[in-house]
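Undergrad: Sharing model_10.pdb, PDB, N, CA and C atoms, pLDDT in the B column:
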```
ATOM      1  N   MET A   1     -23.638 -11.022  -6.101  1.00 64.00           N
ATOM      2  CA  MET A   1     -22.280 -10.831  -6.573  1.00 64.00           C
ATOM      3  C   MET A   1     -21.446 -10.158  -5.488  1.00 64.00           C
ATOM      4  N   LYS A   2     -20.279 -10.706  -5.229  1.00 73.00           N
ATOM      5  CA  LYS A   2     -19.399 -10.199  -4.194  1.00 73.00           C
ATOM      6  C   LYS A   2     -18.710  -8.908  -4.651  1.00 73.00           C
ATOM      7  N   THR A   3     -18.724  -7.900  -3.779  1.00 83.00           N
ATOM      8  CA  THR A   3     -18.053  -6.646  -4.080  1.00 83.00           C
ATOM      9  C   THR A   3     -16.548  -6.836  -3.943  1.00 83.00           C
ATOM     10  N   ARG A   4     -15.832  -6.343  -4.900  1.00 88.00           N
ATOM     11  CA  ARG A   4     -14.363  -6.454  -4.918  1.00 88.00           C
ATOM     12  C   ARG A   4     -13.773  -5.371  -4.021  1.00 88.00           C
ATOM     13  N   ILE A   5     -13.010  -5.795  -3.025  1.00 94.00           N
ATOM     14  CA  ILE A   5     -12.363  -4.839  -2.122  1.00 94.00           C
ATOM     15  C   ILE A   5     -10.863  -4.894  -2.385  1.00 94.00           C
ATOM     16  N   THR A   6     -10.375  -3.872  -3.061  1.00 96.00           N
ATOM     17  CA  THR A   6      -8.965  -3.830  -3.434  1.00 96.00           C
ATOM     18  C   THR A   6      -8.113  -3.339  -2.271  1.00 96.00           C
ATOM     19  N   LEU A   7      -6.818  -3.543  -2.407  1.00 97.00           N
ATOM     20  CA  LEU A   7      -5.890  -3.039  -1.397  1.00 97.00           C
ATOM     21  C   LEU A   7      -5.966  -1.515  -1.297  1.00 97.00           C
ATOM     22  N   TYR A   8      -6.277  -0.861  -2.397  1.00 97.00           N
ATOM     23  CA  TYR A   8      -6.409   0.599  -2.356  1.00 97.00           C
ATOM     24  C   TYR A   8      -7.519   1.004  -1.391  1.00 97.00           C
ATOM     25  N   LYS A   9      -8.621   0.278  -1.406  1.00 96.00           N
ATOM     26  CA  LYS A   9      -9.737   0.573  -0.499  1.00 96.00           C
ATOM     27  C   LYS A   9      -9.385   0.263   0.946  1.00 96.00           C
ATOM     28  N   LYS A  10      -8.461  -0.683   1.154  1.00 97.00           N
ATOM     29  CA  LYS A  10      -8.038  -1.078   2.501  1.00 97.00           C
ATOM     30  C   LYS A  10      -6.907  -0.203   3.045  1.00 97.00           C
ATOM     31  N   LEU A  11      -6.330   0.622   2.202  1.00 97.00           N
ATOM     32  CA  LEU A  11      -5.180   1.440   2.587  1.00 97.00           C
ATOM     33  C   LEU A  11      -5.537   2.378   3.737  1.00 97.00           C
ATOM     34  N   LYS A  12      -4.693   2.416   4.748  1.00 96.00           N
ATOM     35  CA  LYS A  12      -4.921   3.313   5.879  1.00 96.00           C
ATOM     36  C   LYS A  12      -4.813   4.763   5.400  1.00 96.00           C
ATOM     37  N   PRO A  13      -5.638   5.650   5.945  1.00 96.00           N
ATOM     38  CA  PRO A  13      -5.649   7.049   5.489  1.00 96.00           C
ATOM     39  C   PRO A  13      -4.284   7.736   5.582  1.00 96.00           C
ATOM     40  N   GLU A  14      -3.526   7.461   6.629  1.00 96.00           N
ATOM     41  CA  GLU A  14      -2.227   8.106   6.790  1.00 96.00           C
ATOM     42  C   GLU A  14      -1.223   7.642   5.735  1.00 96.00           C
ATOM     43  N   VAL A  15      -1.359   6.396   5.280  1.00 97.00           N
ATOM     44  CA  VAL A  15      -0.478   5.869   4.227  1.00 97.00           C
ATOM     45  C   VAL A  15      -0.854   6.511   2.895  1.00 97.00           C
ATOM     46  N   LYS A  16      -2.145   6.558   2.619  1.00 97.00           N
ATOM     47  CA  LYS A  16      -2.620   7.176   1.381  1.00 97.00           C
ATOM     48  C   LYS A  16      -2.209   8.652   1.316  1.00 97.00           C
ATOM     49  N   LYS A  17      -2.308   9.337   2.439  1.00 97.00           N
ATOM     50  CA  LYS A  17      -1.949  10.755   2.496  1.00 97.00           C
ATOM     51  C   LYS A  17      -0.469  10.961   2.168  1.00 97.00           C
ATOM     52  N   LYS A  18       0.401  10.132   2.748  1.00 97.00           N
ATOM     53  CA  LYS A  18       1.835  10.265   2.488  1.00 97.00           C
ATOM     54  C   LYS A  18       2.165   9.960   1.027  1.00 97.00           C
ATOM     55  N   LEU A  19       1.509   8.956   0.458  1.00 97.00           N
ATOM     56  CA  LEU A  19       1.741   8.653  -0.955  1.00 97.00           C
ATOM     57  C   LEU A  19       1.311   9.836  -1.824  1.00 97.00           C
ATOM     58  N   GLN A  20       0.178  10.430  -1.506  1.00 97.00           N
ATOM     59  CA  GLN A  20      -0.302  11.585  -2.265  1.00 97.00           C
ATOM     60  C   GLN A  20       0.647  12.774  -2.111  1.00 97.00           C
ATOM     61  N   GLU A  21       1.199  12.958  -0.922  1.00 96.00           N
ATOM     62  CA  GLU A  21       2.157  14.044  -0.698  1.00 96.00           C
ATOM     63  C   GLU A  21       3.425  13.841  -1.526  1.00 96.00           C
ATOM     64  N   ASN A  22       3.837  12.598  -1.702  1.00 96.00           N
ATOM     65  CA  ASN A  22       5.050  12.295  -2.465  1.00 96.00           C
ATOM     66  C   ASN A  22       4.800  12.181  -3.969  1.00 96.00           C
ATOM     67  N   TYR A  23       3.559  12.283  -4.381  1.00 96.00           N
ATOM     68  CA  TYR A  23       3.201  12.162  -5.789  1.00 96.00           C
ATOM     69  C   TYR A  23       3.905  13.217  -6.658  1.00 96.00           C
ATOM     70  N   GLY A  24       3.959  14.439  -6.195  1.00 95.00           N
ATOM     71  CA  GLY A  24       4.568  15.507  -6.981  1.00 95.00           C
ATOM     72  C   GLY A  24       6.026  15.250  -7.312  1.00 95.00           C
ATOM     73  N   GLU A  25       6.767  14.743  -6.334  1.00 96.00           N
ATOM     74  CA  GLU A  25       8.199  14.524  -6.527  1.00 96.00           C
ATOM     75  C   GLU A  25       8.508  13.165  -7.180  1.00 96.00           C
ATOM     76  N   PHE A  26       7.654  12.178  -6.904  1.00 96.00           N
ATOM     77  CA  PHE A  26       7.908  10.812  -7.392  1.00 96.00           C
ATOM     78  C   PHE A  26       6.684  10.283  -8.142  1.00 96.00           C
ATOM     79  N   GLU A  27       6.182  11.058  -9.074  1.00 96.00           N
ATOM     80  CA  GLU A  27       4.926  10.759  -9.765  1.00 96.00           C
ATOM     81  C   GLU A  27       4.886   9.347 -10.343  1.00 96.00           C
ATOM     82  N   HIS A  28       5.889   8.981 -11.099  1.00 97.00           N
ATOM     83  CA  HIS A  28       5.893   7.680 -11.770  1.00 97.00           C
ATOM     84  C   HIS A  28       5.829   6.527 -10.760  1.00 97.00           C
ATOM     85  N   SER A  29       6.653   6.598  -9.740  1.00 96.00           N
ATOM     86  CA  SER A  29       6.701   5.532  -8.740  1.00 96.00           C
ATOM     87  C   SER A  29       5.392   5.411  -7.972  1.00 96.00           C
ATOM     88  N   VAL A  30       4.826   6.543  -7.579  1.00 97.00           N
ATOM     89  CA  VAL A  30       3.574   6.517  -6.826  1.00 97.00           C
ATOM     90  C   VAL A  30       2.432   6.021  -7.713  1.00 97.00           C
ATOM     91  N   LYS A  31       2.438   6.381  -8.988  1.00 97.00           N
ATOM     92  CA  LYS A  31       1.414   5.868  -9.919  1.00 97.00           C
ATOM     93  C   LYS A  31       1.464   4.347  -9.991  1.00 97.00           C
ATOM     94  N   ILE A  32       2.667   3.800 -10.049  1.00 97.00           N
ATOM     95  CA  ILE A  32       2.829   2.350 -10.110  1.00 97.00           C
ATOM     96  C   ILE A  32       2.312   1.697  -8.829  1.00 97.00           C
ATOM     97  N   ILE A  33       2.594   2.311  -7.694  1.00 97.00           N
ATOM     98  CA  ILE A  33       2.093   1.790  -6.421  1.00 97.00           C
ATOM     99  C   ILE A  33       0.570   1.791  -6.421  1.00 97.00           C
ATOM    100  N   PHE A  34      -0.037   2.927  -6.775  1.00 97.00           N
ATOM    101  CA  PHE A  34      -1.495   3.022  -6.790  1.00 97.00           C
ATOM    102  C   PHE A  34      -2.105   2.011  -7.766  1.00 97.00           C
ATOM    103  N   LYS A  35      -1.461   1.820  -8.906  1.00 97.00           N
ATOM    104  CA  LYS A  35      -1.964   0.854  -9.900  1.00 97.00           C
ATOM    105  C   LYS A  35      -1.998  -0.555  -9.304  1.00 97.00           C
ATOM    106  N   SER A  36      -0.923  -0.944  -8.662  1.00 97.00           N
ATOM    107  CA  SER A  36      -0.881  -2.288  -8.081  1.00 97.00           C
ATOM    108  C   SER A  36      -1.893  -2.437  -6.943  1.00 97.00           C
ATOM    109  N   LEU A  37      -2.116  -1.383  -6.176  1.00 97.00           N
ATOM    110  CA  LEU A  37      -3.088  -1.445  -5.080  1.00 97.00           C
ATOM    111  C   LEU A  37      -4.520  -1.513  -5.606  1.00 97.00           C
ATOM    112  N   HIS A  38      -4.775  -0.919  -6.760  1.00 97.00           N
ATOM    113  CA  HIS A  38      -6.101  -1.004  -7.382  1.00 97.00           C
ATOM    114  C   HIS A  38      -6.345  -2.379  -8.014  1.00 97.00           C
ATOM    115  N   GLU A  39      -5.276  -3.081  -8.368  1.00 96.00           N
ATOM    116  CA  GLU A  39      -5.401  -4.376  -9.036  1.00 96.00           C
ATOM    117  C   GLU A  39      -5.502  -5.552  -8.073  1.00 96.00           C
ATOM    118  N   GLU A  40      -4.880  -5.438  -6.912  1.00 96.00           N
ATOM    119  CA  GLU A  40      -4.803  -6.576  -5.992  1.00 96.00           C
ATOM    120  C   GLU A  40      -5.800  -6.453  -4.846  1.00 96.00           C
ATOM    121  N   GLU A  41      -6.247  -7.601  -4.357  1.00 95.00           N
ATOM    122  CA  GLU A  41      -7.162  -7.647  -3.221  1.00 95.00           C
ATOM    123  C   GLU A  41      -6.478  -8.171  -1.957  1.00 95.00           C
ATOM    124  N   ASP A  42      -5.353  -8.830  -2.121  1.00 95.00           N
ATOM    125  CA  ASP A  42      -4.689  -9.465  -0.995  1.00 95.00           C
ATOM    126  C   ASP A  42      -3.240  -8.985  -0.883  1.00 95.00           C
ATOM    127  N   TYR A  43      -2.834  -8.630   0.317  1.00 96.00           N
ATOM    128  CA  TYR A  43      -1.476  -8.150   0.566  1.00 96.00           C
ATOM    129  C   TYR A  43      -0.422  -9.154   0.101  1.00 96.00           C
ATOM    130  N   ASN A  44      -0.696 -10.433   0.298  1.00 95.00           N
ATOM    131  CA  ASN A  44       0.259 -11.476  -0.082  1.00 95.00           C
ATOM    132  C   ASN A  44       0.466 -11.583  -1.589  1.00 95.00           C
ATOM    133  N   ALA A  45      -0.383 -10.950  -2.379  1.00 96.00           N
ATOM    134  CA  ALA A  45      -0.228 -10.955  -3.830  1.00 96.00           C
ATOM    135  C   ALA A  45       0.810  -9.935  -4.300  1.00 96.00           C
ATOM    136  N   LEU A  46       1.186  -9.012  -3.418  1.00 96.00           N
ATOM    137  CA  LEU A  46       2.192  -8.004  -3.783  1.00 96.00           C
ATOM    138  C   LEU A  46       3.576  -8.643  -3.787  1.00 96.00           C
ATOM    139  N   THR A  47       4.425  -8.152  -4.673  1.00 96.00           N
ATOM    140  CA  THR A  47       5.810  -8.616  -4.707  1.00 96.00           C
ATOM    141  C   THR A  47       6.605  -7.901  -3.615  1.00 96.00           C
ATOM    142  N   ILE A  48       7.776  -8.431  -3.320  1.00 94.00           N
ATOM    143  CA  ILE A  48       8.665  -7.785  -2.345  1.00 94.00           C
ATOM    144  C   ILE A  48       8.992  -6.373  -2.814  1.00 94.00           C
ATOM    145  N   ASN A  49       9.219  -6.208  -4.109  1.00 96.00           N
ATOM    146  CA  ASN A  49       9.529  -4.894  -4.663  1.00 96.00           C
ATOM    147  C   ASN A  49       8.364  -3.924  -4.467  1.00 96.00           C
ATOM    148  N   GLN A  50       7.138  -4.386  -4.677  1.00 96.00           N
ATOM    149  CA  GLN A  50       5.967  -3.525  -4.497  1.00 96.00           C
ATOM    150  C   GLN A  50       5.811  -3.110  -3.033  1.00 96.00           C
ATOM    151  N   VAL A  51       6.025  -4.053  -2.117  1.00 96.00           N
ATOM    152  CA  VAL A  51       5.942  -3.722  -0.685  1.00 96.00           C
ATOM    153  C   VAL A  51       7.057  -2.757  -0.305  1.00 96.00           C
ATOM    154  N   ASN A  52       8.250  -3.009  -0.820  1.00 95.00           N
ATOM    155  CA  ASN A  52       9.374  -2.122  -0.551  1.00 95.00           C
ATOM    156  C   ASN A  52       9.068  -0.696  -1.016  1.00 95.00           C
ATOM    157  N   ASN A  53       8.517  -0.554  -2.215  1.00 96.00           N
ATOM    158  CA  ASN A  53       8.168   0.774  -2.731  1.00 96.00           C
ATOM    159  C   ASN A  53       7.052   1.421  -1.911  1.00 96.00           C
ATOM    160  N   LEU A  54       6.099   0.627  -1.467  1.00 97.00           N
ATOM    161  CA  LEU A  54       5.029   1.149  -0.613  1.00 97.00           C
ATOM    162  C   LEU A  54       5.618   1.721   0.670  1.00 97.00           C
ATOM    163  N   ILE A  55       6.535   0.999   1.285  1.00 96.00           N
ATOM    164  CA  ILE A  55       7.186   1.474   2.507  1.00 96.00           C
ATOM    165  C   ILE A  55       8.019   2.721   2.215  1.00 96.00           C
ATOM    166  N   LEU A  56       8.788   2.678   1.151  1.00 96.00           N
ATOM    167  CA  LEU A  56       9.676   3.787   0.798  1.00 96.00           C
ATOM    168  C   LEU A  56       8.913   5.084   0.528  1.00 96.00           C
ATOM    169  N   PHE A  57       7.876   5.026  -0.289  1.00 96.00           N
ATOM    170  CA  PHE A  57       7.194   6.244  -0.715  1.00 96.00           C
ATOM    171  C   PHE A  57       6.054   6.671   0.208  1.00 96.00           C
ATOM    172  N   SER A  58       5.649   5.805   1.127  1.00 96.00           N
ATOM    173  CA  SER A  58       4.648   6.221   2.115  1.00 96.00           C
ATOM    174  C   SER A  58       5.324   6.711   3.391  1.00 96.00           C
ATOM    175  N   GLU A  59       6.605   6.368   3.528  1.00 95.00           N
ATOM    176  CA  GLU A  59       7.388   6.740   4.704  1.00 95.00           C
ATOM    177  C   GLU A  59       6.774   6.170   5.986  1.00 95.00           C
ATOM    178  N   ILE A  60       6.023   5.079   5.848  1.00 93.00           N
ATOM    179  CA  ILE A  60       5.424   4.389   6.990  1.00 93.00           C
ATOM    180  C   ILE A  60       6.214   3.097   7.190  1.00 93.00           C
ATOM    181  N   ARG A  61       6.716   2.880   8.373  1.00 92.00           N
ATOM    182  CA  ARG A  61       7.543   1.715   8.651  1.00 92.00           C
ATOM    183  C   ARG A  61       6.792   0.678   9.476  1.00 92.00           C
ATOM    184  N   PRO A  62       6.912  -0.595   9.111  1.00 92.00           N
ATOM    185  CA  PRO A  62       6.340  -1.651   9.945  1.00 92.00           C
ATOM    186  C   PRO A  62       7.000  -1.631  11.321  1.00 92.00           C
ATOM    187  N   GLU A  63       6.215  -1.882  12.354  1.00 92.00           N
ATOM    188  CA  GLU A  63       6.749  -1.870  13.724  1.00 92.00           C
ATOM    189  C   GLU A  63       7.558  -3.118  14.026  1.00 92.00           C
ATOM    190  N   ASP A  64       7.157  -4.245  13.457  1.00 93.00           N
ATOM    191  CA  ASP A  64       7.873  -5.498  13.692  1.00 93.00           C
ATOM    192  C   ASP A  64       7.643  -6.437  12.504  1.00 93.00           C
ATOM    193  N   ILE A  65       8.203  -7.631  12.593  1.00 93.00           N
ATOM    194  CA  ILE A  65       8.121  -8.577  11.485  1.00 93.00           C
ATOM    195  C   ILE A  65       6.681  -8.992  11.202  1.00 93.00           C
ATOM    196  N   TYR A  66       5.847  -9.068  12.231  1.00 92.00           N
ATOM    197  CA  TYR A  66       4.450  -9.466  12.048  1.00 92.00           C
ATOM    198  C   TYR A  66       3.663  -8.366  11.341  1.00 92.00           C
ATOM    199  N   ASP A  67       3.958  -7.141  11.691  1.00 91.00           N
ATOM    200  CA  ASP A  67       3.338  -5.981  11.049  1.00 91.00           C
ATOM    201  C   ASP A  67       3.669  -5.984   9.558  1.00 91.00           C
ATOM    202  N   PHE A  68       4.927  -6.319   9.241  1.00 92.00           N
ATOM    203  CA  PHE A  68       5.370  -6.405   7.850  1.00 92.00           C
ATOM    204  C   PHE A  68       4.742  -7.602   7.140  1.00 92.00           C
ATOM    205  N   ALA A  69       4.773  -8.754   7.784  1.00 92.00           N
ATOM    206  CA  ALA A  69       4.294  -9.988   7.162  1.00 92.00           C
ATOM    207  C   ALA A  69       2.801  -9.947   6.848  1.00 92.00           C
ATOM    208  N   ASN A  70       2.035  -9.261   7.683  1.00 92.00           N
ATOM    209  CA  ASN A  70       0.587  -9.206   7.497  1.00 92.00           C
ATOM    210  C   ASN A  70       0.101  -7.944   6.801  1.00 92.00           C
ATOM    211  N   GLY A  71       0.997  -6.984   6.617  1.00 94.00           N
ATOM    212  CA  GLY A  71       0.606  -5.731   5.977  1.00 94.00           C
ATOM    213  C   GLY A  71      -0.147  -4.787   6.892  1.00 94.00           C
ATOM    214  N   ASP A  72      -0.143  -5.094   8.192  1.00 94.00           N
ATOM    215  CA  ASP A  72      -0.889  -4.272   9.146  1.00 94.00           C
ATOM    216  C   ASP A  72      -0.392  -2.832   9.225  1.00 94.00           C
ATOM    217  N   PHE A  73       0.855  -2.595   8.832  1.00 94.00           N
ATOM    218  CA  PHE A  73       1.400  -1.244   8.868  1.00 94.00           C
ATOM    219  C   PHE A  73       0.711  -0.322   7.859  1.00 94.00           C
ATOM    220  N   ALA A  74       0.119  -0.885   6.808  1.00 96.00           N
ATOM    221  CA  ALA A  74      -0.428  -0.072   5.727  1.00 96.00           C
ATOM    222  C   ALA A  74      -1.914  -0.277   5.461  1.00 96.00           C
ATOM    223  N   PHE A  75      -2.452  -1.419   5.881  1.00 96.00           N
ATOM    224  CA  PHE A  75      -3.821  -1.753   5.504  1.00 96.00           C
ATOM    225  C   PHE A  75      -4.699  -2.006   6.722  1.00 96.00           C
ATOM    226  N   LYS A  76      -5.946  -1.561   6.601  1.00 92.00           N
ATOM    227  CA  LYS A  76      -6.930  -1.796   7.663  1.00 92.00           C
ATOM    228  C   LYS A  76      -7.784  -2.999   7.286  1.00 92.00           C
ATOM    229  N   GLU A  77      -8.347  -3.619   8.289  1.00 84.00           N
ATOM    230  CA  GLU A  77      -9.255  -4.743   8.067  1.00 84.00           C
ATOM    231  C   GLU A  77     -10.600  -4.213   7.605  1.00 84.00           C
ATOM    232  N   ILE A  78     -11.144  -4.826   6.581  1.00 73.00           N
ATOM    233  CA  ILE A  78     -12.486  -4.440   6.100  1.00 73.00           C
ATOM    234  C   ILE A  78     -13.351  -5.669   6.120  1.00 73.00           C
TER     235      ILE A  78
END
```
What does the file become when written as structure tokens?
TA:
Amino acid sequence: MKTRITLYKKLKPEVKKKLQENYGEFEHSVKIIFKSLHEEEDYNALTINQVNNLILFSEIRPEDIYDFANGDFAFKEI
């Protein structure tokens, strides 16, 4: 049986840390982000709104269009 690797497991430590730091002030929004990351396995399954919120509340910015398109700004390869 194949082990399920969610986006949450692929999240870069610095992104996860920033989301956790913003949890106190933006609890509801960060909970929604974490929920979607626990549910999805592929970056392309996220909606534009979910990616936008991930960028907004992690304070991590994609370096270029390819970084954004592939999710490399937030996720590591596993």
Undergrad: Name the residues that the PyMOL selection byres ((chain A and resi 41) around 7) picks from the file above, as a PyMOL selection string, using the file's chain letters and numbers.
TA: chain A and resi 5-8+37-40+42-45
Undergrad: Give me, as a list in words, all polymer residues having an atom no more than 6.5 Å from Ser58 of chain A, counting all atoms listed in the file and skipping those fewer than 3 positions away in the same chain.
TA: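 Returned residues: Val15, Lys18, Leu19, Asn53, Leu54, Ile55 and Arg61 of chain A.
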Undergrad: Please identify the alpha helix (DSSP H) residues within chain A (assignment by DSSP from backbone atoms) and present them as number ranges by chain.
TA: A: 7-10, 13-22, 27-39, 48-58, 65-70
Undergrad: Step by step, work through what the PyMOL selection byres (((chain A and resi 73 and name CA) around 10) and name CA) selects in the shown file, and finish by giving those residues as a PyMOL selection string.
TA: chain A and resi 11-12+15+55+60-64+66-72+74-76
Undergrad: Between atom C of Phe57 of chain A and atom CA of Asn22 of chain A, measure the distance and give it in Å to one decimal.
TA: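 Calculated distance between atom C of Phe57 of chain A and atom CA of Asn22 of chain A is 6.3 Å.
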